[in-house]
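To start, the structure under review is shown below, and the notes come after it.
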Amino acid sequence: MEIKELSFTPDNPPLSVLSAAKVSAVNLPTPTILTPDPSTPPTLLFSDGTILRGTLVLLRYIGRVANLYGQDALQSSQIDEWLDFSSILSSGSEFQTACTYIDGFLETRTFLVGYSLSIADMAVWAGLAGAGQRWESLRKSKKYPNLVRWFNSISMEYNDALNEVTSTYVSKKGGGKPAAAKSKEQVVNGDVTEKGKGISKTAEVDLPDAEIGKVCLRFAPEPSGYLHIGHAKAALLNQYFAERYQGELILRFDDTNPAKESSEFVENLLKDVETLGVKYKRVTHTSDYFDELMNKAEALIKEGKAYVDDTVREQMQKERMDGIESKFRNNTVEENLKLWREMIEGSERGKQCCLRGKLDMQDPNKSLRDPVYYRCNPVPHHRIGSKYKIYPTYDFACPYVDALEGITHALRSSEYHDRNAQYHRIQEDLGIRKVHLYEFSRLNMVYTLLSKRNLRWFAENGKVDGWDDPRFPTVQGIVRRGLKIDALVQFILEQGASKNLNLMEWDKLWTINKKIIDPVCPRHTAVIEEKRVLLTLTNGPENPFVRVIPRHKKYEGAGEKATTFTKRVWLDYDDAVSIEKEENKEVTLMDWGNAIVKEVVKDESGQITELVGVLHLEGSVKTTKLKLTWLPETNELVNITLMEFDYLISKKKLEEGENFMDVLNPCTKKEIPAIGDSNMRNLKRGEVLQLERKGYYRCDVPFVRPSKPIVLFAIPDGRQAGK
């Protein structure tokens with residue numbers, strides 16, 4: 001039967017399949033590149049219409065065709081173990097742990113299974129090769145001598161075949177992301193996707209006039225809140241370009257508004273930047289330059305390029321919109337300097353004034369219509385106290401400090417587009433070096449507010465439990481929800497530095513996260529407290545006994561857990577209802593075996609209160625429809641609270657001028673009491689686990705004492721549209 005078509009998405013080439021086919025001379029058709037979609041698996045289409053889906057399924061097929069699937073049933077099973085294990089190599093957080101394990105395993109072996117090459121070797125080899133720079137840096141070290149020996153041996157033995165695969169599908173820059181083959185449409189349009197450090201070539205652009213080793217960038221958050229996912233994009237893009245051009249990155253706090261800023265925010269922004277893995281050369285503050293900025297502002301007054309205005313703010317805004325000049329615009333330099341002194345002193349007269357640039361009130365670009373440069377603000381500054389009574393606006397301070405600090409390229413989201421001309425006009429009037437601006441699209445997420453002003457409202461009005469609330473789009477919030485930073489970095493860098501505006505779905509981010517946590521997170525069991533039902537097994541063990549089983553059947557690193565087997569076990573009420581509907585009432589109790597329910601006991605209202613049955617361990621687990629989780633009836637069980645979260649607003653995207661308070665979601669947090677297995681006493685805060693048949697969770701409050709429940713936060717898996 002002929003293979004008619006091989007297809008996969010550009011972000012998910014089956015490197016192990018392609019490598020195994022090349023090594024064993026199995027002919028595959030030229031791949032068809034599909035539209036990017038993380039849920040679309042690699043696919044083989046045969047001439048009779050038969051379809052195979054999934055990387056490991058395709059790899060096993062190649063293995064059988066090419067006799068790379070072991071010499072007997074035992075070796076085939078060992079190969080299966082390695083194929084499952086190989087998925088861990090795509091998890092950034094567990095990559096080195098996996099390398100350590102394989103290195104030890106290969107100490108006295110030439111191949112992973114038996115004495116010849118198999119698809120187990122191809123799966124692990126491809127996992128390392130596809131990791132790009134992450135593996136290359138380890139390969140050059142002396143940390144994993146056995147693994148490097150094995151990897152180099154395979155690479156040299158099959159050099160031509162494997163080079164052809166890696167040169168086509170793995171970035172030459174070693175960024176760790178496979179690059180897609182050229183599709184017919186991409187060749188025609190010249191839009192070839194390659195991957196370099198996570199950013200696709202379709203979105204990878206050159207910074208204007210950038211020279212290797214001479215690029216200086218800055219990430220300049222305002223310390224008026226915690227870092228959110230939009231800021232994370234800016235931070236990571238700045239780091240990407242700094243690395244790409246072998247330049248430097250400055251972390252600058254834009255602390256020009258003391259009314260909104262605090263040391264708490266500074267400390268947490270530093271924490272968030274570290275969490276993202278962003279490396280910077282030094283930390284600066286706009287407040288470091290307040291004296292210079294005041295001197296520059298005064299110089300503009302003396303040159304007739306700025307004036308003091310005490311027009312009421314609402315009227316000033318209307319005049320700017322209508323292109324009407326202020327009555328103060330033509331005041332003399334002396335009059336302006338006198339009012340400027342009043343502003344500096346913070347007098348009652350000075351508090352009524354602001355300093356405006358004298359640009360062009362008729363310019364179609366309204367940002368050039370005499371913007372405000374300075375305002376009075378008597379609030380003490382969190383860093384320098386009450387030294388100043390006036391503070392520069394961001395629009396005035398930023399172009400000056402950028403030039404002063406030697407910034408060559410300032411990255412700004414496209415929302416600032418109309419103010420780019422103002423930025424360069426201020427630099428021109430100040431007589432300072434021009435800084436290149438590069439725009440990237442603002443990251444917008446469905447059902448999500450990213451304005452710090454709006455987020456502050458939720459925090460200050462008790463609608464959330466702080467800036468690290470799991471319903472918040474802050475870095476700390478989504479990490480507390482259970483997101484791995486590797487997933488966030490991958491999600492953001494895959495978008496690249498494109499200027500195209502888009503509204504991103506949360507489920508794409510959570511899908512990436514699931515691929516990282518599922519191969520390694522331990523499994524536990526919980527039963528919902530409400531209406532839970534006892535199943536009495538009449539032939540069950542009279543005396544409870546304990547077995548030690550893996551916390552993850554496919555990942556040894558997850559450790560072990562002790563499971564108690566008793567005559568009476570707890571079931572979820574919904575499972576009891578499902579049993580009643582089953583005709584033969586034979587079910588599988590997970591990690592134990594089959595049981596047959598003989599009697600369903602109900603109360604007067606028709607609610608199931610008890611089940612009675614018998615163990616049927618000789619029964620086939622393959623034939624039962626219901627595979628049930630259960631807990632033993634013991635006093636060792638722990639109380640847990642399962643927390644589920646929803647979006648803070650009920651509308652996917654707010655329209656221009658729409659008030660978020662009109663679309664507040666009335667119920668965004670749900671607490672579900674449950675009981676859990678005794679092994680959960682050992683959970684640590686931040687540990688991610690899977691509750692069998694319930695989903696993924698992050699431990700937010702670990703076990704302290706029996707009367708205080710363990711608190712687990714539900715982690716979306718990409719199937720619930722991000723909730």
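Going by the structure tokens order, chains are called A, B, ..., each with residues numbered from 1, while ligands are numbered from 1 in the order shown.
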query = If you run DSSP on this backbone, which residues of range 359-582 of chain A come out as helix (DSSP H, G or I), and could you give them as a PyMOL selection string?
reply = chain A and resi 366-368+394-404+414-430+452-460+475-481+485-495+506-517+556-558+573-581
task = May I have the residues within 9 Å of Glu644 in chain A as a VMD selection string, using only C-alpha atoms and disregarding those fewer than 3 positions away in the same chain?
result = chain A and resid 668 to 672 712 to 715 723
key: Residue among A:Ala562, A:Tyr69, A:Arg442, A:Phe396 lying closest to Leu503 in chain A, counting only C-alpha atoms   = A:Arg442
remark   = Among A:Arg425, A:Arg375, A:Arg329, A:Lys4, Leu355 in chain A is approached most closely, using only C-alpha atoms, by A:Arg375
Contacts of Cys353 in chain A at 8 Å (only C-alpha atoms; same-chain gap of 6+ positions) as a PDB file with N, CA and C atoms, in the first residue's frame:
ATOM      1  N   VAL A 308       4.141  77.885  29.553  1.00  0.00           N
ATOM      2  CA  VAL A 308       3.345  77.449  30.699  1.00  0.00           C
ATOM      3  C   VAL A 308       1.888  77.827  30.459  1.00  0.00           C
ATOM      4  N   ASP A 309       0.991  76.886  30.754  1.00  0.00           N
ATOM      5  CA  ASP A 309      -0.435  77.066  30.467  1.00  0.00           C
ATOM      6  C   ASP A 309      -1.235  76.657  31.699  1.00  0.00           C
ATOM      7  N   ASP A 310      -2.246  77.462  32.065  1.00  0.00           N
ATOM      8  CA  ASP A 310      -3.091  77.052  33.186  1.00  0.00           C
ATOM      9  C   ASP A 310      -4.531  76.825  32.747  1.00  0.00           C
ATOM     10  N   THR A 311      -4.702  76.531  31.449  1.00  0.00           N
ATOM     11  CA  THR A 311      -6.033  76.193  30.952  1.00  0.00           C
ATOM     12  C   THR A 311      -6.533  74.926  31.648  1.00  0.00           C
ATOM     13  N   LEU A 339       6.018  81.701  35.769  1.00  0.00           N
ATOM     14  CA  LEU A 339       5.065  80.642  36.092  1.00  0.00           C
ATOM     15  C   LEU A 339       5.780  79.296  36.288  1.00  0.00           C
ATOM     16  N   MET A 343       5.563  76.659  39.397  1.00  0.00           N
ATOM     17  CA  MET A 343       5.361  75.213  39.284  1.00  0.00           C
ATOM     18  C   MET A 343       6.410  74.451  40.101  1.00  0.00           C
ATOM     19  N   ARG A 375       3.891  68.527  34.660  1.00  0.00           N
ATOM     20  CA  ARG A 375       2.726  68.844  35.484  1.00  0.00           C
ATOM     21  C   ARG A 375       3.160  68.964  36.937  1.00  0.00           C
ATOM     22  N   CYS A 376       2.412  69.744  37.713  1.00  0.00           N
ATOM     23  CA  CYS A 376       2.625  69.810  39.156  1.00  0.00           C
ATOM     24  C   CYS A 376       2.008  68.581  39.811  1.00  0.00           C
TER      25      CYS A 376
END
Cut-off 12 Å: closest range 397-479 of chain A/range 262-281 of chain A atom pairs per residue, using only C-alpha atoms, as a tab-separated table:
residue	atom	partner	partner_atom	distance
A:Lys452	CA	A:Phe265	CA	11.8
A:Arg456	CA	A:Phe265	CA	11.9
A:Trp467	CA	A:Asn268	CA	9.8
A:Asp468	CA	A:Asn268	CA	10.1
A:Thr474	CA	A:Asp272	CA	9.0
A:Val475	CA	A:Asp272	CA	6.5
A:Gln476	CA	A:Asp272	CA	7.1
A:Gly477	CA	A:Asp272	CA	10.6
A:Ile478	CA	A:Asp272	CA	11.5
A:Val479	CA	A:Thr275	CA	9.5
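Once Leu293 in chain A and its same-chain neighbours fewer than 3 positions away are set aside, Tyr289, Phe290, Lys296, Ala297, Glu298, Pro392, Phe396, Ala397, Tyr400 and Val401 of chain A remain within 9 Å of it when counting only C-alpha atoms.
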Range 662-664 of chain A surroundings by only C-alpha atoms, 6 Å radius, close-in-sequence under 3 positions cut, as a list in words =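 The residues satisfying every condition are Ile649, Ser650 and Asn659 of chain A.
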